[in-house]
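Shown below: query.tsv, with TSV, C-alpha atoms.
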chain	number	residue	atom	x	y	z
A	268	MET	CA	9.88	7.54	-38.44
A	269	ASN	CA	12.52	10.05	-37.42
A	270	ILE	CA	10.23	11.23	-34.61
A	271	LEU	CA	9.85	7.66	-33.33
A	272	LYS	CA	13.61	7.14	-33.45
A	273	TRP	CA	14.22	10.40	-31.59
A	274	PHE	CA	11.60	9.40	-29.00
A	275	GLN	CA	13.23	6.03	-28.41
A	276	GLU	CA	16.74	7.45	-28.14
A	277	ASN	CA	15.88	10.41	-25.91
A	278	ILE	CA	13.05	9.03	-23.79
A	279	MET	CA	13.77	5.32	-23.34
A	280	SER	CA	17.40	6.04	-22.53
A	281	ASN	CA	16.66	8.92	-20.16
A	282	THR	CA	15.25	7.57	-16.89
A	283	MET	CA	14.68	11.00	-15.36
A	284	MET	CA	12.68	12.17	-18.38
A	285	LEU	CA	10.69	8.94	-18.46
A	286	VAL	CA	9.79	9.08	-14.77
A	287	PHE	CA	8.37	12.60	-14.92
A	288	LEU	CA	6.69	12.08	-18.31
A	289	ILE	CA	4.73	9.13	-16.87
A	290	ALA	CA	3.92	11.25	-13.80
A	291	VAL	CA	2.60	14.13	-15.94
A	292	ILE	CA	0.38	11.90	-18.06
A	293	GLY	CA	-0.65	9.84	-15.02
A	294	TYR	CA	-1.83	12.85	-13.04
A	295	LEU	CA	-3.82	14.05	-16.05
A	296	VAL	CA	-5.50	10.64	-16.38
A	297	GLY	CA	-6.07	10.51	-12.64
A	298	SER	CA	-7.77	13.90	-12.64
A	299	ILE	CA	-10.53	12.72	-15.01
A	300	ARG	CA	-13.67	12.62	-12.90
A	301	ILE	CA	-16.68	10.44	-13.73
A	302	ARG	CA	-19.73	10.85	-11.46
A	303	GLY	CA	-17.50	12.34	-8.77
A	304	ILE	CA	-15.04	9.39	-8.85
A	305	GLU	CA	-11.44	9.76	-9.98
A	306	LEU	CA	-8.30	7.63	-9.88
A	307	GLY	CA	-6.08	10.40	-8.52
A	308	THR	CA	-2.47	9.29	-8.09
A	309	ALA	CA	-3.44	5.74	-9.12
A	310	GLY	CA	-3.76	7.10	-12.66
A	311	ILE	CA	0.03	6.92	-12.73
A	312	LEU	CA	-0.21	3.14	-12.32
A	313	LEU	CA	-2.34	2.74	-15.44
A	314	VAL	CA	-0.06	4.94	-17.52
A	315	ALA	CA	3.01	3.09	-16.22
A	316	LEU	CA	1.38	-0.22	-17.19
A	317	VAL	CA	1.08	1.00	-20.78
A	318	PHE	CA	4.68	2.22	-20.86
A	319	GLY	CA	5.83	-1.07	-19.33
A	320	HIS	CA	3.93	-3.04	-21.96
A	321	PHE	CA	5.82	-1.21	-24.72
A	322	GLY	CA	9.18	-2.01	-23.19
A	323	PHE	CA	9.94	1.07	-21.11
A	324	GLU	CA	11.77	0.17	-17.91
A	325	ILE	CA	12.00	1.97	-14.58
A	326	PRO	CA	14.92	1.03	-12.28
A	327	ASP	CA	13.93	-0.86	-9.13
A	328	LEU	CA	15.57	1.90	-7.08
A	329	VAL	CA	12.80	4.32	-8.11
A	330	ARG	CA	10.06	1.99	-6.83
A	331	GLU	CA	11.93	1.19	-3.61
A	332	MET	CA	12.71	4.85	-2.91
A	333	GLY	CA	9.09	5.78	-3.48
A	334	LEU	CA	7.77	3.02	-1.23
A	335	ILE	CA	10.16	3.93	1.58
A	336	CYS	CA	9.31	7.64	1.41
A	337	PHE	CA	5.58	6.90	1.39
A	338	VAL	CA	5.41	4.41	4.27
A	339	THR	CA	7.85	6.41	6.43
A	340	SER	CA	5.69	9.52	5.96
A	341	VAL	CA	2.57	7.52	6.84
A	342	GLY	CA	4.29	6.23	9.97
A	343	PHE	CA	5.21	9.73	11.16
A	344	ILE	CA	1.73	11.08	10.41
A	345	ALA	CA	-0.07	8.19	12.12
A	346	GLY	CA	2.39	7.91	15.04
A	347	PRO	CA	0.91	10.50	17.43
A	348	ASN	CA	-2.51	8.79	17.42
A	349	PHE	CA	-1.58	5.23	16.47
A	350	PHE	CA	-0.97	3.66	19.88
A	351	ARG	CA	-4.04	5.26	21.46
A	352	ASN	CA	-6.20	4.14	18.54
A	353	PHE	CA	-4.71	0.65	18.52
A	354	LYS	CA	-5.17	0.25	22.28
A	355	GLN	CA	-8.86	1.11	21.95
A	356	ASN	CA	-9.50	-1.13	18.93
A	357	ALA	CA	-6.68	-3.71	18.99
A	358	THR	CA	-8.96	-6.76	18.89
A	359	SER	CA	-10.98	-5.26	16.04
A	360	TYR	CA	-7.91	-4.56	13.92
A	361	ILE	CA	-6.48	-8.03	14.48
A	362	LEU	CA	-9.79	-9.73	13.66
A	363	LEU	CA	-10.23	-7.60	10.57
A	364	GLY	CA	-6.76	-8.44	9.30
A	365	VAL	CA	-7.48	-12.14	9.83
A	366	ILE	CA	-10.87	-11.96	8.05
A	367	ILE	CA	-9.44	-10.19	5.00
A	368	ILE	CA	-6.38	-12.40	4.46
A	369	VAL	CA	-8.07	-15.72	5.32
A	370	SER	CA	-10.95	-15.00	2.94
A	371	GLY	CA	-8.47	-14.10	0.20
A	372	ALA	CA	-6.57	-17.34	0.84
A	373	LEU	CA	-9.79	-19.38	0.68
A	374	VAL	CA	-10.68	-17.82	-2.67
A	375	CYS	CA	-7.18	-18.70	-3.89
A	376	VAL	CA	-7.54	-22.32	-2.76
A	377	GLY	CA	-10.99	-22.50	-4.37
A	378	ILE	CA	-9.63	-21.30	-7.70
A	379	ILE	CA	-6.84	-23.89	-7.58
A	380	LYS	CA	-9.23	-26.75	-6.74
A	381	LEU	CA	-12.27	-25.78	-8.84
A	382	PHE	CA	-10.70	-24.34	-11.98
A	383	GLY	CA	-7.38	-26.15	-12.07
A	384	ILE	CA	-5.28	-23.00	-12.18
A	385	PRO	CA	-1.65	-23.90	-11.32
A	386	THR	CA	-0.70	-23.21	-7.71
A	387	ASP	CA	2.26	-20.99	-8.58
A	388	ILE	CA	0.15	-18.66	-10.76
A	389	SER	CA	-2.72	-18.64	-8.23
A	390	VAL	CA	-0.53	-17.78	-5.24
A	391	GLY	CA	1.10	-15.01	-7.29
A	392	MET	CA	-2.36	-13.68	-8.13
A	393	MET	CA	-3.28	-13.62	-4.45
A	394	ALA	CA	-0.17	-11.56	-3.67
A	395	GLY	CA	-1.03	-9.20	-6.54
A	396	ALA	CA	-4.69	-8.93	-5.56
A	397	LEU	CA	-3.55	-7.88	-2.08
A	398	THR	CA	-0.77	-5.67	-3.58
A	399	SER	CA	1.77	-7.39	-1.34
A	400	THR	CA	5.37	-7.43	-2.54
A	401	PRO	CA	6.48	-9.49	0.52
A	402	GLY	CA	3.67	-11.87	-0.40
A	403	LEU	CA	5.10	-12.22	-3.91
A	404	ALA	CA	8.54	-12.94	-2.47
A	405	ALA	CA	6.99	-15.65	-0.30
A	406	ALA	CA	5.11	-17.06	-3.31
A	407	LEU	CA	8.29	-17.24	-5.39
A	408	GLU	CA	10.16	-18.95	-2.57
A	409	SER	CA	7.47	-21.46	-1.62
A	410	THR	CA	6.58	-22.50	-5.19
A	411	GLY	CA	10.09	-22.25	-6.64
A	412	SER	CA	8.52	-20.96	-9.85
A	413	ASN	CA	8.78	-17.63	-11.68
A	414	ALA	CA	5.19	-18.15	-12.84
A	415	ALA	CA	4.16	-16.57	-9.50
A	416	SER	CA	5.33	-13.26	-10.97
A	417	VAL	CA	3.00	-13.83	-13.90
A	418	GLY	CA	0.01	-14.17	-11.57
A	419	TYR	CA	1.13	-11.14	-9.59
A	420	GLY	CA	1.29	-9.01	-12.74
A	421	ILE	CA	-2.23	-10.06	-13.77
A	422	ALA	CA	-3.93	-9.36	-10.44
A	423	TYR	CA	-1.93	-6.34	-9.26
A	424	PRO	CA	-3.57	-3.58	-11.41
A	425	PHE	CA	-7.10	-4.36	-10.23
A	426	GLY	CA	-5.75	-4.90	-6.72
A	427	VAL	CA	-4.72	-1.23	-6.77
A	428	VAL	CA	-7.55	0.34	-8.75
A	429	GLY	CA	-10.30	-1.73	-7.08
A	430	VAL	CA	-9.53	-0.52	-3.55
A	431	VAL	CA	-8.89	3.05	-4.77
A	432	LEU	CA	-12.39	3.16	-6.26
A	433	PHE	CA	-13.94	1.39	-3.25
A	434	VAL	CA	-12.79	3.97	-0.69
A	435	GLN	CA	-14.33	6.70	-2.85
A	436	LEU	CA	-17.61	4.91	-3.55
A	437	ILE	CA	-18.53	3.84	0.00
A	438	PRO	CA	-18.82	7.39	1.48
A	439	LYS	CA	-20.96	8.39	-1.52
A	440	ILE	CA	-23.20	5.33	-1.29
A	441	LEU	CA	-23.68	5.82	2.46
A	442	LYS	CA	-24.01	9.61	2.04
A	443	THR	CA	-21.50	10.03	4.84
A	444	ASP	CA	-21.32	13.36	6.65
A	445	MET	CA	-17.63	13.86	5.96
A	446	ALA	CA	-17.34	16.96	8.16
A	447	ALA	CA	-18.76	15.14	11.21
A	448	GLU	CA	-16.53	12.11	10.68
A	449	ARG	CA	-13.50	14.35	10.22
A	450	ALA	CA	-14.26	16.27	13.43
A	451	GLN	CA	-14.41	13.01	15.38
A	452	PHE	CA	-10.94	12.00	14.19
A	453	GLN	CA	-9.35	15.41	14.58
A	454	ALA	CA	-10.51	15.84	18.20
A	455	ALA	CA	-8.03	13.21	19.39
A	456	ALA	CA	-5.36	14.56	17.07
A	457	SER	CA	-5.65	18.09	18.49
A	458	GLN	CA	-5.06	16.80	22.04
A	459	THR	CA	-1.85	15.12	20.94
A	460	GLU	CA	-0.74	18.24	19.08
A	461	ASP	CA	-1.31	20.40	22.16
A	462	TYR	CA	1.02	18.10	24.11
A	463	ARG	CA	3.62	18.35	21.33
A	464	LYS	CA	3.51	22.16	21.45
A	465	LYS	CA	4.19	22.16	25.19
A	466	GLN	CA	7.26	20.00	24.60
A	467	LYS	CA	8.53	22.02	21.62
A	468	GLN	CA	10.58	24.69	23.40
A	469	LYS	CA	12.42	22.15	25.56
A	470	LEU	CA	13.87	20.20	22.62
A	471	PHE	CA	16.92	20.49	20.39
A	472	TYR	CA	16.24	20.47	16.63
A	473	ALA	CA	18.91	19.04	14.29
A	474	ASP	CA	17.21	20.77	11.32
A	475	SER	CA	14.15	22.96	10.93
A	476	MET	CA	12.25	20.84	8.40
A	477	GLY	CA	12.81	17.42	9.93
A	478	PHE	CA	14.92	15.69	7.29
A	479	PHE	CA	17.23	14.37	10.02
A	480	PRO	CA	14.54	12.34	11.83
A	481	PHE	CA	13.02	11.29	8.51
A	482	SER	CA	16.38	9.93	7.36
A	483	LEU	CA	16.91	8.32	10.77
A	484	ALA	CA	13.57	6.51	10.49
A	485	ILE	CA	14.51	5.18	7.05
A	486	VAL	CA	17.86	3.89	8.32
A	487	LEU	CA	16.23	2.20	11.31
A	488	GLY	CA	13.42	0.91	9.10
A	489	ILE	CA	15.78	-0.72	6.62
A	490	ILE	CA	17.58	-2.40	9.53
A	491	LEU	CA	14.21	-3.73	10.79
A	492	ALA	CA	13.35	-4.85	7.25
A	493	LYS	CA	16.44	-7.06	7.13
A	494	ILE	CA	15.56	-9.02	10.28
A	495	GLU	CA	14.33	-12.48	9.28
A	496	ILE	CA	12.21	-14.85	11.34
A	497	ARG	CA	12.20	-18.53	10.47
A	498	LEU	CA	8.75	-20.07	10.04
A	499	PRO	CA	7.56	-23.70	10.20
A	500	GLY	CA	8.09	-25.47	6.89
A	501	GLY	CA	11.31	-23.65	6.09
A	502	GLY	CA	9.74	-20.28	5.25
A	503	VAL	CA	11.12	-16.92	6.27
A	504	PHE	CA	9.22	-13.81	7.36
A	505	SER	CA	10.52	-10.25	7.39
A	506	LEU	CA	8.86	-6.84	7.57
A	507	GLY	CA	10.42	-5.92	4.23
A	508	THR	CA	10.82	-2.47	2.74
A	509	SER	CA	7.13	-1.72	3.23
A	510	GLY	CA	6.93	-2.76	6.89
A	511	GLY	CA	10.27	-1.74	8.43
A	512	PRO	CA	10.19	2.01	7.67
A	513	LEU	CA	6.48	2.13	8.57
A	514	ILE	CA	7.17	0.75	12.06
A	515	ALA	CA	10.18	3.07	12.54
A	516	GLY	CA	8.11	6.08	11.46
A	517	LEU	CA	5.30	5.10	13.84
A	518	ILE	CA	7.65	4.86	16.81
A	519	LEU	CA	9.50	8.14	16.15
A	520	GLY	CA	6.24	9.88	15.26
A	521	HIS	CA	4.66	8.69	18.50
A	522	PHE	CA	7.43	9.77	20.87
A	523	GLY	CA	8.41	12.95	19.03
A	524	HIS	CA	11.84	13.14	20.64
A	525	ILE	CA	14.85	11.10	21.76
A	526	GLY	CA	16.05	12.61	25.01
A	527	LYS	CA	16.41	16.33	24.34
A	528	MET	CA	16.58	15.87	20.55
A	529	SER	CA	13.42	16.39	18.52
A	530	VAL	CA	12.49	13.76	15.93
A	531	LYS	CA	9.43	15.66	14.76
A	532	VAL	CA	8.94	16.28	11.04
A	533	GLU	CA	6.85	19.19	9.77
A	534	LYS	CA	3.48	17.97	8.52
A	535	SER	CA	3.80	19.88	5.24
A	536	VAL	CA	7.09	18.07	4.58
A	537	LEU	CA	5.50	14.70	5.34
A	538	GLN	CA	2.57	15.40	3.03
A	539	CYS	CA	4.93	16.34	0.20
A	540	LEU	CA	7.14	13.27	0.71
A	541	ARG	CA	4.09	11.04	1.00
A	542	GLU	CA	2.69	12.12	-2.36
A	543	PHE	CA	6.08	12.08	-4.07
A	544	GLY	CA	6.83	8.62	-2.69
A	545	LEU	CA	3.46	7.26	-3.77
A	546	ALA	CA	3.97	8.55	-7.31
A	547	LEU	CA	7.42	6.96	-7.58
A	548	PHE	CA	6.16	3.67	-6.17
A	549	LEU	CA	3.29	3.45	-8.65
A	550	LEU	CA	5.62	4.36	-11.50
A	551	GLY	CA	7.97	1.50	-10.75
A	552	ALA	CA	5.32	-1.07	-9.86
A	553	GLY	CA	3.21	-0.26	-12.92
A	554	ALA	CA	6.08	-0.43	-15.40
A	555	GLN	CA	7.21	-3.74	-13.93
A	556	ALA	CA	3.72	-5.29	-13.99
A	557	GLY	CA	3.08	-3.97	-17.52
A	558	ALA	CA	5.98	-5.86	-19.09
A	559	GLY	CA	4.46	-8.74	-21.02
A	560	PHE	CA	1.02	-8.10	-19.47
A	561	VAL	CA	-0.93	-8.63	-22.71
A	562	ASP	CA	1.14	-11.66	-23.68
A	563	ILE	CA	0.41	-13.24	-20.30
A	564	LEU	CA	-3.34	-12.83	-20.74
A	565	LYS	CA	-3.18	-14.26	-24.27
A	566	GLU	CA	-1.31	-17.31	-23.03
A	567	HIS	CA	-3.36	-18.09	-19.92
A	568	GLY	CA	-6.73	-16.54	-20.79
A	569	VAL	CA	-8.66	-13.43	-19.75
A	570	LEU	CA	-10.41	-15.39	-17.02
A	571	LEU	CA	-7.22	-15.12	-14.97
A	572	PHE	CA	-7.98	-11.41	-14.65
A	573	VAL	CA	-11.45	-12.28	-13.33
A	574	TYR	CA	-9.98	-14.70	-10.78
A	575	GLY	CA	-7.53	-12.04	-9.64
A	576	ALA	CA	-10.36	-9.52	-9.31
A	577	LEU	CA	-12.28	-11.99	-7.12
A	578	MET	CA	-9.28	-12.25	-4.81
A	579	THR	CA	-9.50	-8.48	-4.37
A	580	LEU	CA	-13.27	-8.03	-4.19
A	581	VAL	CA	-14.22	-10.87	-1.82
A	582	PRO	CA	-11.78	-9.99	1.01
A	583	MET	CA	-12.43	-6.26	0.60
A	584	LEU	CA	-16.23	-6.57	0.75
A	585	LEU	CA	-16.25	-9.13	3.56
A	586	GLY	CA	-13.74	-7.04	5.50
A	587	TYR	CA	-15.80	-3.87	5.18
A	588	LEU	CA	-19.07	-5.59	6.16
A	589	PHE	CA	-17.34	-7.16	9.17
A	590	ALA	CA	-15.83	-3.82	10.21
A	591	ALA	CA	-19.03	-1.82	9.79
A	592	LYS	CA	-21.72	-4.32	10.87
A	593	VAL	CA	-19.99	-6.57	13.41
A	594	LEU	CA	-17.20	-4.42	14.86
A	595	LYS	CA	-19.26	-1.21	14.54
A	596	LEU	CA	-16.26	0.85	13.45
A	597	SER	CA	-16.87	4.31	12.02
A	598	VAL	CA	-16.74	4.82	8.24
A	599	PHE	CA	-13.31	6.44	8.36
A	600	ASN	CA	-11.95	3.75	10.68
A	601	SER	CA	-13.45	0.98	8.55
A	602	LEU	CA	-12.02	2.32	5.29
A	603	GLY	CA	-8.62	3.00	6.83
A	604	SER	CA	-8.57	-0.55	8.17
A	605	ILE	CA	-9.57	-1.95	4.78
A	606	CYS	CA	-6.64	-0.13	3.16
A	607	GLY	CA	-4.34	-1.66	5.78
A	608	GLY	CA	-5.91	-5.12	5.58
A	609	MET	CA	-5.58	-5.10	1.79
A	610	THR	CA	-2.00	-3.76	2.23
A	611	SER	CA	-3.00	-1.08	-0.28
A	612	THR	CA	-0.58	1.83	-0.23
A	613	PRO	CA	-2.25	3.72	-3.14
A	614	ALA	CA	-5.73	3.39	-1.60
A	615	LEU	CA	-4.53	5.01	1.61
A	616	GLY	CA	-3.29	7.98	-0.41
A	617	THR	CA	-6.71	8.25	-2.03
A	618	LEU	CA	-8.54	7.86	1.29
A	619	ILE	CA	-6.52	10.68	2.85
A	620	ARG	CA	-7.46	12.92	-0.07
A	621	VAL	CA	-11.15	11.92	0.06
A	622	THR	CA	-11.53	12.30	3.84
A	623	GLU	CA	-9.29	15.41	3.99
A	624	THR	CA	-7.59	14.15	7.14
A	625	ASP	CA	-4.31	12.33	7.67
A	626	ASP	CA	-5.65	10.71	10.83
A	627	VAL	CA	-7.21	7.81	8.88
A	628	ALA	CA	-3.64	6.58	8.49
A	629	SER	CA	-3.69	5.38	12.10
A	630	ALA	CA	-6.33	2.73	11.26
A	631	TYR	CA	-4.29	1.69	8.21
A	632	ALA	CA	-1.12	1.42	10.28
A	633	ALA	CA	-2.90	-0.66	12.94
A	634	THR	CA	-4.27	-3.28	10.52
A	635	TYR	CA	-1.38	-3.33	8.07
A	636	PRO	CA	1.20	-5.27	10.17
A	637	VAL	CA	-1.35	-8.01	10.94
A	638	ALA	CA	-2.24	-8.35	7.26
A	639	LEU	CA	1.41	-8.24	6.21
A	640	VAL	CA	2.33	-11.20	8.42
A	641	LEU	CA	-0.74	-13.22	7.43
A	642	VAL	CA	-0.42	-12.70	3.66
A	643	VAL	CA	3.19	-13.89	3.77
A	644	LEU	CA	2.17	-16.96	5.79
A	645	ALA	CA	-0.78	-17.67	3.48
A	646	CYS	CA	1.40	-17.48	0.35
A	647	GLN	CA	3.97	-19.79	1.92
A	648	PHE	CA	1.49	-22.37	3.21
A	649	ILE	CA	-0.55	-22.55	-0.01
A	650	GLY	CA	2.63	-22.70	-2.09
A	651	VAL	CA	4.06	-25.55	-0.01
A	652	PHE	CA	0.98	-27.68	0.65
A	653	LEU	CA	-1.09	-27.36	-2.57
Would you mind writing the file's structure down as structure tokens?
Amino acid sequence: MNILKWFQENIMSNTMMLVFLIAVIGYLVGSIRIRGIELGTAGILLVALVFGHFGFEIPDLVREMGLICFVTSVGFIAGPNFFRNFKQNATSYILLGVIIIVSGALVCVGIIKLFGIPTDISVGMMAGALTSTPGLAAALESTGSNAASVGYGIAYPFGVVGVVLFVQLIPKILKTDMAAERAQFQAAASQTEDYRKKQKQKLFYADSMGFFPFSLAIVLGIILAKIEIRLPGGGVFSLGTSGGPLIAGLILGHFGHIGKMSVKVEKSVLQCLREFGLALFLLGAGAQAGAGFVDILKEHGVLLFVYGALMTLVPMLLGYLFAAKVLKLSVFNSLGSICGGMTSTPALGTLIRVTETDDVASAYAATYPVALVLVVLACQFIGVFL
């Protein structure tokens, strides 16, 4: 009993200790490999869910800081190849984003009509299944009900874990030649890097590691995130914390300099910040979703979890089949696009680890903005009209 009291007083009241304790346990859980499949960083989400269920709280600042660090890093990494890749496959990325979000919205409508699940819970589940925080904000606003958060909390865990497992299973099922796929991606990247090296000696560097441009991208990204666009029906769209810094990182990463000043960030720094940001984001999101998770399922039934899983599986599978069979995208491009179309930050981290190349982030970054806009619109329209 004394041990439990000490644990509560020294762990629950110490945010720093709690954050890194969840990270330690989460990485251990994530490293467990079954038939070559592992959760990786997403293991932190599951551990955070358990801690959240038992009343442990992580400040929102931790989640927001993690998300900003992650998406800004992704933007910088994808920037050099993003615009070239998007120009070549723009129509494909837009179509894929539409297919994924529209199919998810149709599943949501079907669940409302066929099974009588309340609209506010269903729209929240759709946002959770697509791991979209802006979508949740739109669901809360359009329905005017906090029950949307309940649905979000139910669907969110599988929304993360499902895509994380998917991007690992597909290359194994297809027996993909990872080395050949990686070489195809890195050929374009090496051309861009050669150009960067030629520019290097002509530029002024504010700091050697690149924290200045990284901080600049975050500042610009937060400004972009605050810009609101009015939509028909009284809704509001904004890029949010996930979209603003991503766009800013893409732009600075693409150009590499402003006048004579370098805005290049060392790749090793970006990789470190990307992983650290992802861990913090999953910590905060998991603890938040875990609060009352079991009570919610008891009240509304375990079938809600199944409905949420369907909202993840149907768009993901349809999106991949469309990308691979209709658009004829490569495996790496298809999976990167699926991560973007599902707005799945954790899955991108896993895909980068599985493919051993950061260049898949360009496909994610190309599809993500399309999906982000559409999921917000879908949550608003369903919330208002159903």
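Taking CA of Phe321 in chain A as the reference point, CA of Met392 in chain A is found at 22.3 Å.
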- Who sits within 12 Å of Met332 in chain A, all atoms listed in the file, same chain under 3 positions skipped, as a PyMOL selection string: chain A and resi 326-329+335-339+485+489+508-509+512+540-541+543-552
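Distances to Arg497 in chain A were evaluated for A:Gln647, A:Ile367, A:Asp387, A:Ile304 using only C-alpha atoms, and the minimum falls at A:Gln647.
Interatomic distance, CA of Ala396 in chain A to CA of Gly616 in chain A: 17.7 Å.
Of the listed residues A:Ala614, A:Leu397, A:Ala633, A:Leu585, the one whose atoms come nearest to Phe349 in chain A is A:Ala633, with distances taken using only C-alpha atoms.
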- Task: For Thr624 in chain A, list every protein, DNA or RNA residue within 10 Å, evaluated using all atoms listed in the file, and leave out those in the same chain fewer than 2 positions away; present the list as a PyMOL selection string.
- Result: chain A and resi 448-450+452-453+599+618-622+626-628
- Item | Gap from CA of Tyr631 in chain A to CA of Val341 in chain A - Å, one decimal | 9.1 Å
- Note on the structure: Judged by only C-alpha atoms, the minimum distance to Ala645 in chain A among A:Ile301, A:Ile384, A:Val317, A:Met393 is found for A:Met393
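Nearest to Leu407 in chain A of all the residues A:Leu491, A:Ile649, A:Phe382, A:Leu584 is A:Ile649, based on only C-alpha atoms.
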- Compare A:Val286, A:Thr634, A:Lys592, A:Tyr574 by their minimum atom-to-atom distance to Val390 in chain A, counting all atoms listed in the file, and give me the closest one. A:Tyr574
Save range 571-632 of chain A from what I just supplied, as a short mmCIF file (atom, residue, chain, number, x, y, z; two decimals), in the first residue's frame, atoms limited to C-alpha atoms.
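And here's out_5.cif as it stands now:
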data_model
loop_
_atom_site.label_atom_id
_atom_site.label_comp_id
_atom_site.auth_asym_id
_atom_site.auth_seq_id
_atom_site.Cartn_x
_atom_site.Cartn_y
_atom_site.Cartn_z
CA LEU A 571 -18.74 0.50 -31.70
CA PHE A 572 -15.12 -0.64 -31.86
CA VAL A 573 -15.99 -2.84 -34.85
CA TYR A 574 -17.71 0.07 -36.61
CA GLY A 575 -14.68 2.26 -35.99
CA ALA A 576 -12.39 -0.45 -37.36
CA LEU A 577 -14.51 -0.63 -40.52
CA MET A 578 -14.04 3.11 -41.02
CA THR A 579 -10.29 2.47 -40.99
CA LEU A 580 -10.14 -0.76 -42.99
CA VAL A 581 -12.50 0.05 -45.87
CA PRO A 582 -10.85 3.36 -46.94
CA MET A 583 -7.36 1.95 -46.41
CA LEU A 584 -7.95 -1.19 -48.49
CA LEU A 585 -9.88 0.59 -51.25
CA GLY A 586 -7.23 3.31 -51.36
CA TYR A 587 -4.38 0.84 -51.69
CA LEU A 588 -6.13 -1.20 -54.41
CA PHE A 589 -6.90 2.00 -56.32
CA ALA A 590 -3.30 3.22 -55.99
CA ALA A 591 -1.71 -0.08 -56.98
CA LYS A 592 -4.14 -1.44 -59.59
CA VAL A 593 -5.68 1.66 -61.19
CA LEU A 594 -3.06 4.38 -60.73
CA LYS A 595 -0.16 1.89 -61.06
CA LEU A 596 1.87 3.59 -58.35
CA SER A 597 4.91 1.78 -56.96
CA VAL A 598 4.65 -0.01 -53.60
CA PHE A 599 6.54 2.71 -51.76
CA ASN A 600 4.50 5.47 -53.42
CA SER A 601 1.24 3.64 -52.73
CA LEU A 602 2.00 3.07 -49.05
CA GLY A 603 3.26 6.61 -48.56
CA SER A 604 0.08 7.91 -50.15
CA ILE A 605 -2.06 5.67 -47.95
CA CYS A 606 -0.37 7.10 -44.85
CA GLY A 607 -1.14 10.60 -46.14
CA GLY A 608 -4.69 9.76 -47.23
CA MET A 609 -5.42 8.22 -43.82
CA THR A 610 -3.71 11.27 -42.22
CA SER A 611 -1.69 8.74 -40.21
CA THR A 612 1.36 10.34 -38.64
CA PRO A 613 2.46 7.18 -36.74
CA ALA A 614 2.16 4.98 -39.85
CA LEU A 615 4.50 7.27 -41.77
CA GLY A 616 7.09 6.86 -39.02
CA THR A 617 6.73 3.09 -39.33
CA LEU A 618 6.88 3.18 -43.13
CA ILE A 619 10.12 5.18 -43.07
CA ARG A 620 11.63 2.57 -40.75
CA VAL A 621 10.37 -0.36 -42.84
CA THR A 622 11.48 1.06 -46.21
CA GLU A 623 14.73 2.52 -44.79
CA THR A 624 14.29 5.71 -46.80
CA ASP A 625 12.90 9.10 -45.84
CA ASP A 626 11.85 9.74 -49.43
CA VAL A 627 8.49 7.97 -48.95
CA ALA A 628 7.51 11.07 -46.97
CA SER A 629 7.07 12.97 -50.25
CA ALA A 630 4.09 10.75 -51.22
CA TYR A 631 2.63 11.23 -47.73
CA ALA A 632 3.05 14.99 -47.94
#
